[in-house]
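This is final.cif. It holds mmCIF, C-alpha atoms.
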data_final
loop_
_atom_site.label_atom_id
_atom_site.label_comp_id
_atom_site.auth_asym_id
_atom_site.auth_seq_id
_atom_site.Cartn_x
_atom_site.Cartn_y
_atom_site.Cartn_z
CA MET W 1 0.00 0.00 0.00
CA PRO W 2 1.45 3.42 -0.94
CA ALA W 3 1.81 5.89 1.94
CA ILE W 4 -0.41 8.99 1.88
CA THR W 5 1.17 12.25 2.98
CA ASN W 6 -0.94 15.30 3.74
CA TYR W 7 -0.03 18.99 3.73
CA HIS W 8 0.78 19.23 7.44
CA THR W 9 3.09 16.21 7.36
CA MET W 10 4.99 17.61 4.38
CA ARG W 11 5.30 21.00 6.06
CA GLU W 12 6.69 19.47 9.23
CA LEU W 13 9.22 17.46 7.26
CA ILE W 14 10.37 20.55 5.37
CA GLU W 15 10.66 22.61 8.56
CA LYS W 16 12.66 19.87 10.29
CA ASN W 17 15.13 20.02 7.42
CA ASN W 18 15.38 23.82 7.67
CA GLY W 19 13.33 24.32 4.52
CA VAL W 20 11.25 27.39 3.73
CA THR W 21 7.51 26.85 3.93
CA LYS W 22 6.35 30.40 3.42
CA ALA W 23 4.52 31.34 0.26
CA ASN W 24 6.89 32.56 -2.45
CA PHE W 25 4.37 33.72 -5.04
CA VAL W 26 0.93 35.30 -5.27
CA SER W 27 -1.55 34.76 -8.09
CA VAL W 28 -3.58 37.86 -8.98
CA ASN W 29 -6.65 37.81 -11.21
CA VAL W 30 -7.83 40.99 -12.94
CA SER W 31 -11.49 41.41 -13.91
CA ASP W 32 -10.73 43.43 -17.05
CA PRO W 33 -7.78 42.56 -19.37
CA THR W 34 -7.18 46.26 -20.03
CA TYR W 35 -6.09 46.69 -16.41
CA VAL W 36 -3.44 43.95 -16.50
CA LYS W 37 -0.45 46.18 -17.28
CA GLY W 38 -1.52 48.81 -14.75
CA VAL W 39 -1.97 46.24 -11.99
CA ALA W 40 1.39 44.66 -12.87
CA LYS W 41 3.15 48.04 -12.59
CA THR W 42 1.44 48.72 -9.25
CA ILE W 43 2.57 45.36 -7.88
CA GLN W 44 6.11 45.90 -9.13
CA GLY W 45 6.16 49.29 -7.39
CA LEU W 46 5.28 47.92 -3.94
CA LYS W 47 8.09 48.43 -1.43
CA ASP W 48 8.93 47.20 2.06
CA ASN W 49 11.59 49.13 3.99
CA GLY W 50 12.63 50.88 0.80
CA LYS W 51 13.06 47.63 -1.14
CA TYR W 52 10.89 46.30 -3.89
CA THR W 53 8.89 43.37 -2.59
CA TYR W 54 7.33 41.74 -5.66
CA GLY W 55 8.07 41.11 -9.27
CA ALA W 56 5.08 40.74 -11.59
CA ILE W 57 4.95 38.44 -14.61
CA THR W 58 1.81 38.53 -16.71
CA VAL W 59 0.55 36.24 -19.43
CA GLY W 60 1.19 39.11 -21.83
CA ASP W 61 4.87 39.14 -20.81
CA ILE W 62 5.14 35.45 -21.55
CA LEU W 63 3.43 35.90 -24.92
CA ASP W 64 5.72 38.82 -25.76
CA THR W 65 8.73 36.62 -25.06
CA VAL W 66 7.30 33.87 -27.24
CA ASN W 67 6.59 36.40 -30.01
CA GLN W 68 10.18 37.63 -29.86
CA TYR W 69 11.46 34.10 -30.37
CA VAL W 70 8.97 33.61 -33.20
CA GLN W 71 10.11 36.84 -34.85
CA ILE W 72 13.75 35.80 -34.59
CA ALA W 73 12.89 32.43 -36.11
CA SER W 74 10.92 34.18 -38.87
CA ILE W 75 13.88 36.43 -39.70
CA VAL W 76 16.26 33.47 -39.84
CA LEU W 77 13.86 31.48 -42.01
CA SER W 78 13.31 34.51 -44.27
CA ALA W 79 17.07 34.83 -44.75
CA ILE W 80 17.31 31.14 -45.62
CA ALA W 81 14.37 31.51 -48.01
CA GLY W 82 16.06 34.50 -49.68
CA ILE W 83 19.24 32.51 -50.23
CA SER W 84 17.16 29.63 -51.59
CA LEU W 85 15.45 31.97 -54.06
CA VAL W 86 18.79 33.23 -55.36
CA VAL W 87 20.09 29.68 -55.71
CA SER W 88 16.91 28.55 -57.46
CA ALA W 89 17.17 31.45 -59.93
CA LEU W 90 20.77 30.51 -60.72
CA MET W 91 19.79 26.87 -61.16
CA ILE W 92 17.01 27.81 -63.58
CA ILE W 93 19.44 29.97 -65.57
CA VAL W 94 21.96 27.11 -65.76
CA THR W 95 19.22 24.64 -66.73
CA MET W 96 17.91 26.91 -69.47
CA TYR W 97 21.40 27.56 -70.86
CA MET W 98 22.01 23.80 -70.98
CA SER W 99 18.66 23.37 -72.73
CA VAL W 100 19.62 25.98 -75.33
CA SER W 101 22.99 24.29 -75.91
CA GLU W 102 21.46 20.82 -76.28
CA ARG W 103 18.65 21.97 -78.58
CA THR W 104 20.66 24.11 -80.97
CA LYS W 105 19.64 22.09 -84.02
CA GLU W 106 16.00 22.12 -82.92
CA ILE W 107 16.16 25.92 -82.70
CA GLY W 108 17.76 26.04 -86.15
CA ILE W 109 14.95 23.89 -87.59
CA LEU W 110 12.29 26.08 -86.00
CA ARG W 111 13.94 29.21 -87.38
CA ALA W 112 14.25 27.60 -90.82
CA LEU W 113 10.54 26.76 -90.73
CA GLY W 114 9.73 30.43 -90.24
CA GLN W 115 9.60 30.82 -86.47
CA ARG W 116 10.44 34.36 -85.39
CA LYS W 117 12.95 35.35 -82.72
CA LYS W 118 10.18 36.29 -80.31
CA ASP W 119 8.60 32.86 -80.82
CA ILE W 120 11.85 31.22 -79.71
CA ARG W 121 12.02 33.57 -76.71
CA ARG W 122 8.45 32.71 -75.79
CA LEU W 123 9.21 28.98 -76.06
CA PHE W 124 12.06 29.05 -73.56
CA THR W 125 10.34 31.58 -71.32
CA ALA W 126 7.26 29.34 -71.16
CA GLU W 127 9.43 26.34 -70.27
CA SER W 128 11.12 28.31 -67.49
CA ILE W 129 7.76 29.47 -66.10
CA LEU W 130 6.51 25.88 -66.09
CA ILE W 131 9.61 24.86 -64.13
CA GLY W 132 8.88 27.61 -61.61
CA LEU W 133 5.22 26.60 -61.38
CA PHE W 134 5.99 22.94 -60.73
CA SER W 135 8.67 23.95 -58.24
CA ALA W 136 6.16 26.12 -56.36
CA ALA W 137 3.64 23.27 -56.28
CA LEU W 138 6.30 20.86 -54.95
CA ALA W 139 7.42 23.42 -52.35
CA LEU W 140 3.84 23.89 -51.13
CA ILE W 141 3.38 20.14 -50.77
CA PHE W 142 6.55 19.88 -48.65
CA ALA W 143 5.52 22.97 -46.67
CA TYR W 144 2.13 21.46 -45.84
CA GLY W 145 3.77 18.19 -44.82
CA PHE W 146 6.39 19.80 -42.55
CA SER W 147 3.87 22.23 -41.05
CA ALA W 148 1.49 19.38 -40.20
CA LEU W 149 4.36 17.45 -38.59
CA LEU W 150 5.60 20.44 -36.55
CA ASN W 151 2.10 21.39 -35.44
CA HIS W 152 1.47 17.82 -34.34
CA LEU W 153 4.70 17.75 -32.31
CA LEU W 154 4.25 21.20 -30.74
CA TYR W 155 0.49 21.19 -30.14
CA ASN W 156 0.81 19.21 -26.91
CA ILE W 157 3.19 21.88 -25.60
CA VAL W 158 1.61 25.17 -26.68
CA LYS W 159 -1.94 24.02 -27.53
CA PHE W 160 -1.72 26.07 -30.71
CA ASN W 161 -0.78 25.49 -34.34
CA MET W 162 2.53 27.36 -34.55
CA VAL W 163 2.87 27.03 -38.34
CA GLN W 164 -0.09 28.32 -40.33
CA ILE W 165 -0.22 28.47 -44.12
CA THR W 166 -2.80 30.91 -45.45
CA ALA W 167 -4.19 31.53 -48.93
CA ALA W 168 -2.10 34.71 -49.10
CA ASN W 169 1.05 32.64 -48.46
CA ILE W 170 0.15 30.26 -51.28
CA ILE W 171 -0.62 33.05 -53.76
CA SER W 172 2.53 35.00 -52.89
CA THR W 173 4.67 31.85 -53.19
CA VAL W 174 3.30 31.06 -56.65
CA ILE W 175 3.73 34.67 -57.82
CA ILE W 176 7.31 34.87 -56.53
CA ALA W 177 8.18 31.55 -58.20
CA LEU W 178 6.73 32.70 -61.53
CA VAL W 179 8.50 36.06 -61.39
CA ILE W 180 11.86 34.48 -60.55
CA SER W 181 11.53 31.85 -63.28
CA PHE W 182 10.53 34.54 -65.81
CA ILE W 183 13.51 36.75 -64.94
CA ALA W 184 15.86 33.75 -64.96
CA ALA W 185 14.70 32.82 -68.49
CA LEU W 186 15.39 36.22 -70.06
CA LEU W 187 19.09 35.74 -70.84
CA PRO W 188 18.90 32.10 -72.05
CA ALA W 189 15.82 32.89 -74.18
CA ARG W 190 17.57 35.91 -75.67
CA ARG W 191 20.60 33.80 -76.55
CA ALA W 192 18.40 31.14 -78.16
CA SER W 193 16.54 33.71 -80.25
CA ARG W 194 19.81 35.20 -81.55
CA LEU W 195 21.15 31.91 -82.90
CA ASN W 196 21.73 31.97 -86.64
CA PRO W 197 19.61 29.23 -88.30
CA ILE W 198 22.47 28.11 -90.57
CA ASP W 199 25.00 27.97 -87.73
CA ALA W 200 22.47 26.19 -85.51
CA LEU W 201 21.77 23.50 -88.12
CA SER W 202 25.47 22.92 -88.77
CA ALA W 203 26.35 22.71 -85.07
CA ASP W 204 27.72 19.37 -83.82
#

Please express the file's structure as C-alpha cells.
Amino acid sequence: MPAITNYHTMRELIEKNNGVTKANFVSVNVSDPTYVKGVAKTIQGLKDNGKYTYGAITVGDILDTVNQYVQIASIVLSAIAGISLVVSALMIIVTMYMSVSERTKEIGILRALGQRKKDIRRLFTAESILIGLFSAALALIFAYGFSALLNHLLYNIVKFNMVQITAANIISTVIIALVISFIAALLPARRASRLNPIDALSAD
C-alpha cells in the first residue's frame, strides 16, 4: 500500500530540514484585461523598507517573449528563403542555358521553318515558367507536410498550431516563383533567339 502524505506532514518534514515553507508567489486575477499592465506596474512598485517586494509576470509578458522568439525564427527562415530563391534562380538559368545548348539544331529547324525570334524567346520563357510553377507546387506540398508534422509535435506543448499556411502565403509563393523563373529565363531565351539558323543547323 502506498503511503499517503498530507499537507501538514509535508510541512513538518520541510521545517525539520530547515526548509522554507512560506509562500513565495501570489496569483492575482484581474477582472478586465485592459487593467493587467496597470496592476502589474502597481505590484512591481510595492516596497517594504525601501526595497521592492514583488516582481510581476503577466501572461502578456510570456506571450511577448514567445513572439520575440517567433520573430527571430521568422527572420532566420526569411534569410534562408532569400538565399534559396537566389540559388533557385541561378539553377534555372543554368538549366535553361544547358537546354539551349542541347537543342541548338532544334532551334535552327524552328527558325528555318519560319519561327520568329520572339517565338523562340516565348518557347524558352514558357518552359522556365513551367519549371517555376511545378517547383512552387512541390514546395507547397513539402511545406504542408512539414507544417502538419511540426504542429502535431508542438500542439501538446503550446496548444496552438505554430505554423499556419494561409491563402495569401500560397498566392505570394506562386507569384514569386513565376517572377523568378521569368527573370531567370530572359538571358537564355535571348541567346536562343539570336542563334543563326544556318550555324544552328550545322552545329555538332

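Distances from W:Ala177, W:Leu153, W:Val28, W:Ala148 to Ala136 in chain W were compared using only C-alpha atoms, and the smallest one belongs to W:Ala177.
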
| field | Atom pair CA of Ile165 in chain W / CA of Ala137 in chain W: separation (Å) | value |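 We find that CA of Ile165 in chain W and CA of Ala137 in chain W lie 13.8 Å from each other.
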
| message | So, with only C-alpha atoms as the atoms that count, which of W:Thr58, W:Ser135, W:Thr53, W:Thr5 lies closest to Asn29 in chain W? | response | W:Thr58

| query | For the atom pair CA of Tyr155 in chain W and CA of Ala143 in chain W, what is the interatomic distance in Å to one decimal place? | reply |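 CA of Tyr155 in chain W sits 17.4 Å away from CA of Ala143 in chain W.
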
| query | What do you get, as a PyMOL selection string, if you spell out every residue that the PyMOL selection byres ((chain W and resi 190) around 12) selects here? | reply | chain W and resi 93+96-97+100+117-125+183-189+191-195

Saved selection, atoms kept: C-alpha atoms, as a PDB file, keeping the file's coordinate frame:
ATOM      1  CA  ILE W  93      19.440  29.970 -65.570  1.00  0.00           C
ATOM      2  CA  MET W  96      17.910  26.910 -69.470  1.00  0.00           C
ATOM      3  CA  TYR W  97      21.400  27.560 -70.860  1.00  0.00           C
ATOM      4  CA  VAL W 100      19.620  25.980 -75.330  1.00  0.00           C
ATOM      5  CA  LYS W 117      12.950  35.350 -82.720  1.00  0.00           C
ATOM      6  CA  LYS W 118      10.180  36.290 -80.310  1.00  0.00           C
ATOM      7  CA  ASP W 119       8.600  32.860 -80.820  1.00  0.00           C
ATOM      8  CA  ILE W 120      11.850  31.220 -79.710  1.00  0.00           C
ATOM      9  CA  ARG W 121      12.020  33.570 -76.710  1.00  0.00           C
ATOM     10  CA  ARG W 122       8.450  32.710 -75.790  1.00  0.00           C
ATOM     11  CA  LEU W 123       9.210  28.980 -76.060  1.00  0.00           C
ATOM     12  CA  PHE W 124      12.060  29.050 -73.560  1.00  0.00           C
ATOM     13  CA  THR W 125      10.340  31.580 -71.320  1.00  0.00           C
ATOM     14  CA  ILE W 183      13.510  36.750 -64.940  1.00  0.00           C
ATOM     15  CA  ALA W 184      15.860  33.750 -64.960  1.00  0.00           C
ATOM     16  CA  ALA W 185      14.700  32.820 -68.490  1.00  0.00           C
ATOM     17  CA  LEU W 186      15.390  36.220 -70.060  1.00  0.00           C
ATOM     18  CA  LEU W 187      19.090  35.740 -70.840  1.00  0.00           C
ATOM     19  CA  PRO W 188      18.900  32.100 -72.050  1.00  0.00           C
ATOM     20  CA  ALA W 189      15.820  32.890 -74.180  1.00  0.00           C
ATOM     21  CA  ARG W 191      20.600  33.800 -76.550  1.00  0.00           C
ATOM     22  CA  ALA W 192      18.400  31.140 -78.160  1.00  0.00           C
ATOM     23  CA  SER W 193      16.540  33.710 -80.250  1.00  0.00           C
ATOM     24  CA  ARG W 194      19.810  35.200 -81.550  1.00  0.00           C
ATOM     25  CA  LEU W 195      21.150  31.910 -82.900  1.00  0.00           C
TER      26      LEU W 195
END

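Once the PyMOL selection byres ((chain W and resi 151) around 8) is applied to the depicted file, the selected set reads Ser147, Ala148, Leu149, Leu150, His152, Leu153, Leu154, Tyr155, Phe160, Asn161, Met162 and Val163 of chain W.
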
Your completed range 119-142 of chain W with N, CA, C and O atoms, as an mmCIF file, keeping the file's coordinate frame:
data_model
loop_
_atom_site.group_PDB
_atom_site.id
_atom_site.type_symbol
_atom_site.label_atom_id
_atom_site.label_comp_id
_atom_site.auth_asym_id
_atom_site.auth_seq_id
_atom_site.Cartn_x
_atom_site.Cartn_y
_atom_site.Cartn_z
ATOM 1 N N ASP W 119 9.209 34.167 -81.065
ATOM 2 C CA ASP W 119 8.600 32.860 -80.820
ATOM 3 C C ASP W 119 9.559 31.945 -80.059
ATOM 4 O O ASP W 119 9.138 31.181 -79.170
ATOM 5 N N ILE W 120 10.847 32.010 -80.425
ATOM 6 C CA ILE W 120 11.850 31.220 -79.710
ATOM 7 C C ILE W 120 11.963 31.692 -78.267
ATOM 8 O O ILE W 120 12.056 30.886 -77.326
ATOM 9 N N ARG W 121 11.956 33.020 -78.070
ATOM 10 C CA ARG W 121 12.020 33.570 -76.710
ATOM 11 C C ARG W 121 10.826 33.100 -75.889
ATOM 12 O O ARG W 121 10.965 32.719 -74.724
ATOM 13 N N ARG W 122 9.652 33.136 -76.503
ATOM 14 C CA ARG W 122 8.450 32.710 -75.790
ATOM 15 C C ARG W 122 8.509 31.230 -75.427
ATOM 16 O O ARG W 122 8.042 30.818 -74.351
ATOM 17 N N LEU W 123 9.103 30.419 -76.319
ATOM 18 C CA LEU W 123 9.210 28.980 -76.060
ATOM 19 C C LEU W 123 10.021 28.707 -74.802
ATOM 20 O O LEU W 123 9.565 27.986 -73.894
ATOM 21 N N PHE W 124 11.202 29.300 -74.717
ATOM 22 C CA PHE W 124 12.060 29.050 -73.560
ATOM 23 C C PHE W 124 11.544 29.751 -72.309
ATOM 24 O O PHE W 124 11.707 29.240 -71.194
ATOM 25 N N THR W 125 10.924 30.898 -72.483
ATOM 26 C CA THR W 125 10.340 31.580 -71.320
ATOM 27 C C THR W 125 9.189 30.750 -70.738
ATOM 28 O O THR W 125 9.065 30.622 -69.514
ATOM 29 N N ALA W 126 8.368 30.183 -71.625
ATOM 30 C CA ALA W 126 7.260 29.340 -71.160
ATOM 31 C C ALA W 126 7.780 28.103 -70.432
ATOM 32 O O ALA W 126 7.230 27.694 -69.393
ATOM 33 N N GLU W 127 8.854 27.512 -70.940
ATOM 34 C CA GLU W 127 9.430 26.340 -70.270
ATOM 35 C C GLU W 127 9.942 26.712 -68.875
ATOM 36 O O GLU W 127 9.742 25.967 -67.905
ATOM 37 N N SER W 128 10.610 27.864 -68.785
ATOM 38 C CA SER W 128 11.120 28.310 -67.490
ATOM 39 C C SER W 128 9.977 28.578 -66.505
ATOM 40 O O SER W 128 10.056 28.221 -65.325
ATOM 41 N N ILE W 129 8.906 29.190 -66.968
ATOM 42 C CA ILE W 129 7.760 29.470 -66.100
ATOM 43 C C ILE W 129 7.118 28.173 -65.622
ATOM 44 O O ILE W 129 6.696 28.064 -64.462
ATOM 45 N N LEU W 130 7.058 27.178 -66.499
ATOM 46 C CA LEU W 130 6.510 25.880 -66.090
ATOM 47 C C LEU W 130 7.382 25.234 -65.015
ATOM 48 O O LEU W 130 6.873 24.629 -64.067
ATOM 49 N N ILE W 131 8.707 25.374 -65.164
ATOM 50 C CA ILE W 131 9.610 24.860 -64.130
ATOM 51 C C ILE W 131 9.325 25.548 -62.798
ATOM 52 O O ILE W 131 9.245 24.907 -61.745
ATOM 53 N N GLY W 132 9.183 26.866 -62.837
ATOM 54 C CA GLY W 132 8.880 27.610 -61.610
ATOM 55 C C GLY W 132 7.537 27.215 -61.014
ATOM 56 O O GLY W 132 7.406 27.114 -59.788
ATOM 57 N N LEU W 133 6.546 26.971 -61.864
ATOM 58 C CA LEU W 133 5.220 26.600 -61.380
ATOM 59 C C LEU W 133 5.234 25.237 -60.702
ATOM 60 O O LEU W 133 4.681 25.056 -59.602
ATOM 61 N N PHE W 134 5.896 24.269 -61.336
ATOM 62 C CA PHE W 134 5.990 22.940 -60.730
ATOM 63 C C PHE W 134 6.819 22.977 -59.447
ATOM 64 O O PHE W 134 6.522 22.256 -58.489
ATOM 65 N N SER W 135 7.855 23.813 -59.443
ATOM 66 C CA SER W 135 8.670 23.950 -58.240
ATOM 67 C C SER W 135 7.845 24.527 -57.089
ATOM 68 O O SER W 135 7.955 24.084 -55.940
ATOM 69 N N ALA W 136 7.016 25.526 -57.386
ATOM 70 C CA ALA W 136 6.160 26.120 -56.360
ATOM 71 C C ALA W 136 5.163 25.091 -55.819
ATOM 72 O O ALA W 136 4.923 25.019 -54.602
ATOM 73 N N ALA W 137 4.592 24.300 -56.717
ATOM 74 C CA ALA W 137 3.640 23.270 -56.280
ATOM 75 C C ALA W 137 4.331 22.246 -55.373
ATOM 76 O O ALA W 137 3.799 21.854 -54.328
ATOM 77 N N LEU W 138 5.554 21.828 -55.766
ATOM 78 C CA LEU W 138 6.300 20.860 -54.950
ATOM 79 C C LEU W 138 6.672 21.467 -53.599
ATOM 80 O O LEU W 138 6.586 20.798 -52.558
ATOM 81 N N ALA W 139 7.069 22.745 -53.610
ATOM 82 C CA ALA W 139 7.420 23.420 -52.350
ATOM 83 C C ALA W 139 6.219 23.509 -51.420
ATOM 84 O O ALA W 139 6.352 23.323 -50.205
ATOM 85 N N LEU W 140 5.045 23.792 -51.960
ATOM 86 C CA LEU W 140 3.840 23.890 -51.130
ATOM 87 C C LEU W 140 3.470 22.533 -50.530
ATOM 88 O O LEU W 140 3.032 22.453 -49.371
ATOM 89 N N ILE W 141 3.669 21.480 -51.298
ATOM 90 C CA ILE W 141 3.380 20.140 -50.770
ATOM 91 C C ILE W 141 4.297 19.823 -49.591
ATOM 92 O O ILE W 141 3.852 19.352 -48.535
ATOM 93 N N PHE W 142 5.599 20.108 -49.757
ATOM 94 C CA PHE W 142 6.550 19.880 -48.650
ATOM 95 C C PHE W 142 6.226 20.783 -47.470
ATOM 96 O O PHE W 142 6.336 20.362 -46.308
#
